[in-house]
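The block underneath contains the structure these notes are about, expressed in structure tokens.
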Amino acid sequence: MYSEDQGASKKMIRIESISKDLGEFFLRDVTLDIKEGEYFVILGPTGAGKTILLESIAGIYRPDRGRIFLSDCDITDVPPRERNIGMVYQDYILFPFLTVAENIGFGLKSRKIGKGEITGKVDELAKLLGVSHLSHRYPATLSGGEQQKVAIARAIAIEPRVLLLDEPLSALDSRTRDYLREELKRVKEEFGITMIHVTHDQTEALVLADRIAVMMNGRIMQVGTPNDIFNKPRNKDLADFAGVENIWSGIVRNNENGIVAIEVETGDTIFAVSEYPDGAVKVFLRPEEIILSEHKEDSSARNVIKGRINELQDIGPLTHIKLDIGLIAHITKQSRESIGLQRGDEVYATFKATSVHVVRE
Amino acid sequence: MLNESKVSKIKIITILSCLLLAFFILVLITCVVTHTTLPALMTSLASKEIQFAITLSLTTAAISTILCIAISIPAAYALARYEFFGKSLINTLMDVPLALPPLVAGVGLLILFGTTSFGKALAEMGLVFVFTPLGIIIAQFFVNVPFMFRILRGTFQGINPRYEHVAETLGCTEAQAFWRVTLPMSKNGLMAGSVITWSKGIGEFGAALMVAGATRMKTETLPISLYLNMSCGELDLAIASATILIVISLVTLFIFERYGGFARVF
């Protein structure tokens with residue numbers, strides 16, 4: 001299964017068009033390459049089949065079709081215990097009748113390692129994840145964050161080639177989540193483990209991922225860097241999912257040195273950098289890419305559209321503003337206040353041609 | 001005001017019903033226990049016949065409980081974890097012994113082991129069930145296995161299969177994952193199931209009577225002893241058996257409540 005274009009980093013996992021049907025959840029023809037030492041995030045809405053994909057990699061399910069390779073070895077028929085792949089679930093799944101230390105040492109005990117060595121290793125891992133003081137406690141007495149740290153320690157104790165994380169932060173409060181996110185990064189750096197992390201949370205994907213695969217209805221829709229996924233979605237569903245709030249259908253009217261003029265359904269003309277010189281296209285623009293001003297500003301940006309503010313809504317540190325021409329912009333609360341924007345105000349929306357992403361209809 | 005007095009009337013009536021029922025139960029037990037004097041009870045307990053009945057009851061119930069555990073663990077696990085053809089039918093069939101009158105179960109066992117070629121083949125191998133203590137064990141097993149089975153099925157269903165999955169990624173075979181994770185997590189269920197199966201085994205009468213008969217000092221368990229002594233007027237011996245059965249029931253009830261098994265049986 002050697003391929004020429006491996007580049008600098010070696011392939012760790014290769015998933016070759018696997019399918020699995022479990023009734024409610026399914027995988028359809030999933031193909032993925034995950035590089036050694038990569039932090040790979042599988043992003044998708046609930047019910048997309050993300051967990052089955054992880055469980056197939058772990059060996060809990062055998063795919064109906066397709067093969068799975070671990071550093072070029074076909075592991076499709078290898079049982080989980082021989083794969084050396086760690087698993088961390090959203091609901092921790094700590095063994096309730098074992099102490100924290102016994103949980104962390106569980107996998108080492110299966111490996112017939114000496115007692116002293118196990119204790120040493122468990123102590124080291126407990127220290128690394130900051131759960132040493134909990135060693136003799138039972139899981140039921142720990143907070144969610146503490147339990148997840150123990151689950152991570154237990155999974156990396158067996159020195160896995162790959163660590164699978166199934167929504168590991170989703171059950172935690174936001175402060176713990178931020179903290180544990182950094183811990184995961186640290187674990188990856190410290191051990192050089194290849195991480196495959198499943199989540200529905202875009203921020204999590206953005207912060208953690210070297211690369212992201214977006215999964216919907218059991219299929220991989222797009223694989224790419226966080227920038228690719230969030231700024232260059234391949235179709236309307238992906239754009240929607242990635243939080244691109246401005247989506248238009250349009251027709252390319254003019255093409256000058258790679259900058260196209262697209263007439264969109266609202267009648268406005270939008271300039272974009274595009275590889276499609278003609279025909280029907282979809283136009284995507286993230287709401288953060290738009291600058292609003294009261295006066296037409298002198299800028300190199302190609303696109304300036306006039307509109308009237310229909311709706312203003314403060315969401316966290318951002319203000320979401322909807323214009324009568326259907327444009328949605330997110331600006332910081334601070335800049336909204338400094339300009340003094342109100343409902344009914346007439347404003348200019350300015351954005352760069354390079355911020356606009358165009359795909360074939 | 002009117003409403004308030006109505007509510008308290010209901011309160012009084014319902015609480016009175018409770019008290020009445022509790023009183024009835026208490027009186028009944030007291031009647032049995034106080035029917036004889038303590039010295040007479042001690043003498044009866046020391047008699048060879050009661051000693052024999054106690055030993056036979058304890059051992060047959062223990063053996064039938066072990067048999068119930070041995071078959072229920074795999075059977076309940078299969079029904080809790082896997083999908084297979086005929087699963088719902090099997091699920092229903094497993095409950096039949098619960099609904100069947102023990103006498104009917106006993107007749108069935110008697111016919112199976114006494115008249116069919118299967119029973120005769122077993123008898124030739126030395127496994128004689130009819131009119132022997134073995135018959136008591138098989139009767140207790142048949143009547144009580146649904147209790148163990150249902151508790152364990154509920155217990156296994158309540159354990160997220162992900163525990164086994166994690167154990168397998170940590171180096172366990174399927175069997176090791178069951179042994180090291182699922183079984184310890186089923187401890188309460190196993191405990192509750194064993195206690196109820198064992199205590200019901202000790203009290204088993206109808207089915208055991210049919211298969212093993214009521215032979216003094218041979219197939220004489222505590223309930224059989226109670227029945228035999230009652231029918232020939234040996235009241236002191238009968239009361240001794242009854243008292244032991246009451247004590248066993250109360251202790252069982254206490255343990256069972258502690259492990260919260262009732263919710264899982266019915």
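Each chain in the structure tokens gets a letter, A, B, ..., in the order shown, and its residues are numbered from 1; ligands are numbered from 1 in order too.
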Tell me as a short mmCIF file (atom, residue, chain, number, x, y, z; two decimals) with C-alpha atoms, in the first residue's frame which residues belonging to chain A come within 12 Å of chain B, counting only C-alpha atoms.
data_model
loop_
_atom_site.label_atom_id
_atom_site.label_comp_id
_atom_site.auth_asym_id
_atom_site.auth_seq_id
_atom_site.Cartn_x
_atom_site.Cartn_y
_atom_site.Cartn_z
CA LEU A 22 -25.73 -0.39 11.84
CA THR A 51 -18.40 7.36 16.30
CA LEU A 54 -13.71 5.70 15.23
CA GLU A 55 -14.98 2.36 16.52
CA SER A 56 -14.15 0.77 13.18
CA ILE A 57 -10.61 2.13 13.43
CA ALA A 58 -10.41 0.74 16.99
CA GLY A 59 -11.62 -2.64 15.73
CA ILE A 60 -14.87 -2.75 17.64
CA TYR A 61 -16.80 -3.03 14.39
CA VAL A 78 -7.08 -7.70 13.62
CA PRO A 79 -8.90 -7.67 16.99
CA PRO A 80 -8.82 -4.41 19.01
CA ARG A 81 -6.38 -5.78 21.60
CA GLU A 82 -3.69 -6.29 18.96
CA ARG A 83 -4.09 -2.91 17.24
CA ASN A 84 -2.45 -0.77 19.89
CA ILE A 85 -4.97 2.01 19.37
CA GLY A 86 -6.27 3.92 22.40
CA MET A 87 -9.86 5.04 22.82
CA VAL A 88 -11.37 7.87 24.86
CA TYR A 89 -15.14 8.35 24.96
CA GLN A 90 -17.26 11.38 25.75
CA ASP A 91 -18.74 9.64 28.79
CA TYR A 92 -15.28 8.64 30.13
CA ILE A 93 -16.21 4.94 30.62
CA LEU A 94 -13.92 4.59 33.61
CA PHE A 95 -14.27 1.25 35.34
CA PRO A 96 -16.33 2.24 38.40
CA PHE A 97 -15.07 -0.56 40.66
CA LEU A 98 -11.42 0.38 40.19
CA ASN A 103 -7.96 2.41 35.90
CA ILE A 104 -4.80 3.95 34.49
CA GLY A 105 -2.93 0.66 34.98
CA PHE A 106 -5.67 -1.52 33.48
CA GLY A 107 -4.07 -1.88 30.05
CA LEU A 108 -0.63 -2.46 31.53
CA LYS A 109 -1.99 -5.33 33.62
CA SER A 110 -3.29 -7.01 30.45
CA ARG A 111 0.25 -6.82 29.09
CA LYS A 112 1.76 -8.85 31.88
CA ALA A 151 -9.51 8.25 30.79
CA ILE A 152 -6.82 9.92 28.68
CA ALA A 153 -4.08 8.66 31.01
CA ARG A 154 -5.53 5.15 30.83
CA ALA A 155 -5.58 5.23 27.03
CA ILE A 156 -2.01 6.52 26.63
CA ALA A 157 -0.62 4.13 29.25
CA ILE A 158 -0.46 1.39 26.61
CA GLU A 159 1.68 3.71 24.42
CA PRO A 160 -0.75 3.56 21.53
CA ARG A 161 0.23 4.36 17.95
CA VAL A 162 -3.02 6.24 17.55
CA LEU A 163 -5.33 7.83 20.10
CA LEU A 164 -9.01 7.99 19.20
CA LEU A 165 -11.07 10.65 20.96
CA ASP A 166 -14.85 10.51 20.65
#
Who sits within 7 Å of range 199-201 of chain B, only C-alpha atoms, same chain under 6 positions skipped, as a ChimeraX atom specification:
/B:61,140,144,248-249,252
Long-range neighbours of His320 in chain A as a list in words, 7 Å cut-off, only C-alpha atoms, 2 positions minimum in chain
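After dropping sequence-adjacent residues, the list is Leu312, Gln313, Asp314, Ile315, Leu318, Lys322, Ala329, His330 and Ile331 of chain A.
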Counting only C-alpha atoms, what is within 12 Å of Ala105 in chain B, bar same-chain residues fewer than 6 positions away, as a list in words?
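The neighbour list is Val96, Pro97, Leu98, Ala99, Ile111, Leu112, Ile138, Ala139, Gln140, Phe141, Phe142, Val143, Asn144, Glu204, Phe205, Gly206, Ala207, Ala208, Leu209, Met210 and Val211 of chain B.
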Tell me which protein, DNA and RNA residues are within 10 Å of Ala301 in chain A, counting only C-alpha atoms, leaving out same-chain ones fewer than 5 positions away, and put them as an NGL selection string.
:A and (271 or 350-355)
List every residue of range 51-268 of chain A that DSSP, applied to the backbone of this structure, places in alpha helix (DSSP H), and write the result as an NGL selection string.
:A and (51-58 or 100-110 or 115-128 or 144-156 or 174-191 or 202-208 or 226-231 or 236-241)
Those residues you just picked out, can you put them in a file as a PDB file, in the first residue's frame with C-alpha atoms?
ATOM      1  CA  THR A  51     -18.400   7.363  16.304  1.00  0.00           C
ATOM      2  CA  ILE A  52     -18.773   4.246  14.133  1.00  0.00           C
ATOM      3  CA  LEU A  53     -15.837   5.443  12.076  1.00  0.00           C
ATOM      4  CA  LEU A  54     -13.710   5.699  15.232  1.00  0.00           C
ATOM      5  CA  GLU A  55     -14.981   2.364  16.523  1.00  0.00           C
ATOM      6  CA  SER A  56     -14.145   0.768  13.182  1.00  0.00           C
ATOM      7  CA  ILE A  57     -10.607   2.128  13.431  1.00  0.00           C
ATOM      8  CA  ALA A  58     -10.410   0.741  16.987  1.00  0.00           C
ATOM      9  CA  VAL A 100      -7.990   6.020  39.491  1.00  0.00           C
ATOM     10  CA  ALA A 101      -4.590   4.319  39.674  1.00  0.00           C
ATOM     11  CA  GLU A 102      -6.084   0.914  38.840  1.00  0.00           C
ATOM     12  CA  ASN A 103      -7.957   2.415  35.904  1.00  0.00           C
ATOM     13  CA  ILE A 104      -4.796   3.948  34.485  1.00  0.00           C
ATOM     14  CA  GLY A 105      -2.926   0.661  34.977  1.00  0.00           C
ATOM     15  CA  PHE A 106      -5.672  -1.525  33.478  1.00  0.00           C
ATOM     16  CA  GLY A 107      -4.069  -1.881  30.050  1.00  0.00           C
ATOM     17  CA  LEU A 108      -0.631  -2.464  31.533  1.00  0.00           C
ATOM     18  CA  LYS A 109      -1.989  -5.331  33.619  1.00  0.00           C
ATOM     19  CA  SER A 110      -3.287  -7.012  30.449  1.00  0.00           C
ATOM     20  CA  LYS A 115       3.938  -4.744  39.311  1.00  0.00           C
ATOM     21  CA  GLY A 116       6.694  -2.261  40.096  1.00  0.00           C
ATOM     22  CA  GLU A 117       6.892  -1.122  36.512  1.00  0.00           C
ATOM     23  CA  ILE A 118       3.109  -0.641  36.365  1.00  0.00           C
ATOM     24  CA  THR A 119       3.117   1.464  39.531  1.00  0.00           C
ATOM     25  CA  GLY A 120       5.950   3.602  38.182  1.00  0.00           C
ATOM     26  CA  LYS A 121       4.247   4.168  34.867  1.00  0.00           C
ATOM     27  CA  VAL A 122       0.864   4.900  36.473  1.00  0.00           C
ATOM     28  CA  ASP A 123       2.445   7.450  38.816  1.00  0.00           C
ATOM     29  CA  GLU A 124       4.221   9.118  35.928  1.00  0.00           C
ATOM     30  CA  LEU A 125       1.042   9.398  33.852  1.00  0.00           C
ATOM     31  CA  ALA A 126      -1.058  10.534  36.795  1.00  0.00           C
ATOM     32  CA  LYS A 127       1.481  13.255  37.446  1.00  0.00           C
ATOM     33  CA  LEU A 128       1.605  14.285  33.817  1.00  0.00           C
ATOM     34  CA  GLY A 144     -16.118  15.337  34.678  1.00  0.00           C
ATOM     35  CA  GLY A 145     -12.822  16.993  33.814  1.00  0.00           C
ATOM     36  CA  GLU A 146     -10.915  14.827  36.281  1.00  0.00           C
ATOM     37  CA  GLN A 147     -12.580  11.688  34.940  1.00  0.00           C
ATOM     38  CA  GLN A 148     -11.654  12.584  31.377  1.00  0.00           C
ATOM     39  CA  LYS A 149      -8.036  13.196  32.380  1.00  0.00           C
ATOM     40  CA  VAL A 150      -7.955   9.725  33.940  1.00  0.00           C
ATOM     41  CA  ALA A 151      -9.511   8.249  30.786  1.00  0.00           C
ATOM     42  CA  ILE A 152      -6.819   9.923  28.680  1.00  0.00           C
ATOM     43  CA  ALA A 153      -4.082   8.662  31.007  1.00  0.00           C
ATOM     44  CA  ARG A 154      -5.532   5.146  30.835  1.00  0.00           C
ATOM     45  CA  ALA A 155      -5.575   5.229  27.033  1.00  0.00           C
ATOM     46  CA  ILE A 156      -2.009   6.523  26.627  1.00  0.00           C
ATOM     47  CA  SER A 174     -16.552  25.538  29.048  1.00  0.00           C
ATOM     48  CA  ARG A 175     -13.662  26.360  31.377  1.00  0.00           C
ATOM     49  CA  THR A 176     -12.694  22.732  31.816  1.00  0.00           C
ATOM     50  CA  ARG A 177     -13.099  22.269  28.084  1.00  0.00           C
ATOM     51  CA  ASP A 178     -10.614  25.040  27.265  1.00  0.00           C
ATOM     52  CA  TYR A 179      -8.151  23.642  29.768  1.00  0.00           C
ATOM     53  CA  LEU A 180      -8.438  20.060  28.557  1.00  0.00           C
ATOM     54  CA  ARG A 181      -8.078  21.182  24.948  1.00  0.00           C
ATOM     55  CA  GLU A 182      -4.630  22.478  25.808  1.00  0.00           C
ATOM     56  CA  GLU A 183      -3.902  19.234  27.650  1.00  0.00           C
ATOM     57  CA  LEU A 184      -4.715  17.250  24.517  1.00  0.00           C
ATOM     58  CA  LYS A 185      -2.327  19.396  22.498  1.00  0.00           C
ATOM     59  CA  ARG A 186       0.337  18.808  25.124  1.00  0.00           C
ATOM     60  CA  VAL A 187      -0.227  15.043  25.120  1.00  0.00           C
ATOM     61  CA  LYS A 188       0.213  15.032  21.368  1.00  0.00           C
ATOM     62  CA  GLU A 189       3.429  17.048  21.541  1.00  0.00           C
ATOM     63  CA  GLU A 190       4.831  15.062  24.458  1.00  0.00           C
ATOM     64  CA  PHE A 191       4.158  11.592  23.104  1.00  0.00           C
ATOM     65  CA  GLN A 202     -16.157  23.945  15.163  1.00  0.00           C
ATOM     66  CA  THR A 203     -14.071  25.938  17.607  1.00  0.00           C
ATOM     67  CA  GLU A 204     -12.579  22.714  18.922  1.00  0.00           C
ATOM     68  CA  ALA A 205     -11.736  21.646  15.376  1.00  0.00           C
ATOM     69  CA  LEU A 206     -10.225  25.029  14.519  1.00  0.00           C
ATOM     70  CA  VAL A 207      -8.058  25.182  17.612  1.00  0.00           C
ATOM     71  CA  LEU A 208      -6.818  21.594  17.598  1.00  0.00           C
ATOM     72  CA  PRO A 226      -8.904  24.372   8.999  1.00  0.00           C
ATOM     73  CA  ASN A 227      -8.519  27.261   6.528  1.00  0.00           C
ATOM     74  CA  ASP A 228      -9.792  25.091   3.663  1.00  0.00           C
ATOM     75  CA  ILE A 229     -12.755  23.866   5.649  1.00  0.00           C
ATOM     76  CA  PHE A 230     -13.876  27.211   6.999  1.00  0.00           C
ATOM     77  CA  ASN A 231     -12.999  29.498   4.114  1.00  0.00           C
ATOM     78  CA  LYS A 236     -23.517  24.714  -0.026  1.00  0.00           C
ATOM     79  CA  ASP A 237     -24.103  22.119   2.730  1.00  0.00           C
ATOM     80  CA  LEU A 238     -20.480  22.370   3.811  1.00  0.00           C
ATOM     81  CA  ALA A 239     -20.620  26.164   3.697  1.00  0.00           C
ATOM     82  CA  ASP A 240     -23.758  26.128   5.829  1.00  0.00           C
ATOM     83  CA  PHE A 241     -22.150  23.770   8.307  1.00  0.00           C
TER      84      PHE A 241
END
Taking 4 positions as the minimum chain separation for residues in the same chain, which residues sit within 12 Å of range 65-70 of chain B when counting only C-alpha atoms? Answer as a ChimeraX atom specification.
/B:57-61,74-77,137-153,189-202
Could you write out that same residue set with C-alpha atoms as an mmCIF file, in the first residue's frame?
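Done, and the output landed in part_13.cif:
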data_model
loop_
_atom_site.group_PDB
_atom_site.id
_atom_site.type_symbol
_atom_site.label_atom_id
_atom_site.label_comp_id
_atom_site.auth_asym_id
_atom_site.auth_seq_id
_atom_site.Cartn_x
_atom_site.Cartn_y
_atom_site.Cartn_z
ATOM 1 C CA SER B 57 -32.554 -27.759 52.030
ATOM 2 C CA LEU B 58 -29.371 -25.740 52.321
ATOM 3 C CA THR B 59 -27.370 -28.001 50.011
ATOM 4 C CA THR B 60 -30.025 -28.530 47.326
ATOM 5 C CA ALA B 61 -30.757 -24.795 47.250
ATOM 6 C CA PRO B 74 -24.308 -16.688 29.361
ATOM 7 C CA ALA B 75 -28.031 -16.785 28.502
ATOM 8 C CA ALA B 76 -28.799 -13.375 29.993
ATOM 9 C CA TYR B 77 -25.682 -11.917 28.376
ATOM 10 C CA ILE B 137 -32.385 -29.763 42.716
ATOM 11 C CA ILE B 138 -33.805 -29.914 39.210
ATOM 12 C CA ALA B 139 -37.232 -28.771 40.484
ATOM 13 C CA GLN B 140 -35.720 -25.795 42.294
ATOM 14 C CA PHE B 141 -33.628 -24.985 39.248
ATOM 15 C CA PHE B 142 -36.555 -25.022 36.861
ATOM 16 C CA VAL B 143 -38.893 -22.976 39.027
ATOM 17 C CA ASN B 144 -36.312 -20.386 40.111
ATOM 18 C CA VAL B 145 -34.063 -19.907 37.105
ATOM 19 C CA PRO B 146 -36.250 -17.067 35.746
ATOM 20 C CA PHE B 147 -35.466 -14.964 38.810
ATOM 21 C CA MET B 148 -31.733 -15.241 38.298
ATOM 22 C CA PHE B 149 -32.078 -14.858 34.572
ATOM 23 C CA ARG B 150 -34.218 -11.734 34.732
ATOM 24 C CA ILE B 151 -32.026 -10.002 37.273
ATOM 25 C CA LEU B 152 -28.892 -10.736 35.273
ATOM 26 C CA ARG B 153 -30.475 -9.729 31.970
ATOM 27 C CA GLY B 189 -27.140 -8.139 40.357
ATOM 28 C CA LEU B 190 -25.362 -11.433 40.936
ATOM 29 C CA MET B 191 -25.676 -10.990 44.672
ATOM 30 C CA ALA B 192 -29.364 -10.134 44.557
ATOM 31 C CA GLY B 193 -30.056 -12.939 42.082
ATOM 32 C CA SER B 194 -28.214 -15.536 44.131
ATOM 33 C CA VAL B 195 -29.936 -14.588 47.345
ATOM 34 C CA ILE B 196 -33.432 -14.671 45.904
ATOM 35 C CA THR B 197 -32.805 -17.879 43.957
ATOM 36 C CA TRP B 198 -31.316 -19.593 46.955
ATOM 37 C CA SER B 199 -34.094 -18.550 49.313
ATOM 38 C CA LYS B 200 -36.816 -19.477 46.840
ATOM 39 C CA GLY B 201 -35.009 -22.800 46.404
ATOM 40 C CA ILE B 202 -35.209 -23.434 50.117
#
Let's see if you can do this: from backbone DSSP, list all strand (DSSP E or B) residues in range 194-281 of chain A, as a ChimeraX atom specification.
/A:194-199,211-216,219-224,246-256,259-264,269-273,279-281
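We find CA of Arg343 in chain A and CA of Arg308 in chain A to be spaced 8.0 Å apart.
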So, counting only C-alpha atoms, which residue among B:Ser17, B:Val33, B:Ala214, B:Leu183 is closest to Ser231 in chain B?
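Using only C-alpha atoms, the shortest distance to Ser231 in chain B belongs to B:Ala214.
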Record the distance separating CA of Pro317 in chain A and CA of Gln334 in chain A, expressed in Å with one decimal.
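Atom-to-atom, CA of Pro317 in chain A and CA of Gln334 in chain A are spaced 8.4 Å apart.
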Atom-to-atom span, CA of Val130 in chain B and CA of Leu110 in chain B, Å:
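CA of Val130 in chain B sits 6.6 Å away from CA of Leu110 in chain B.
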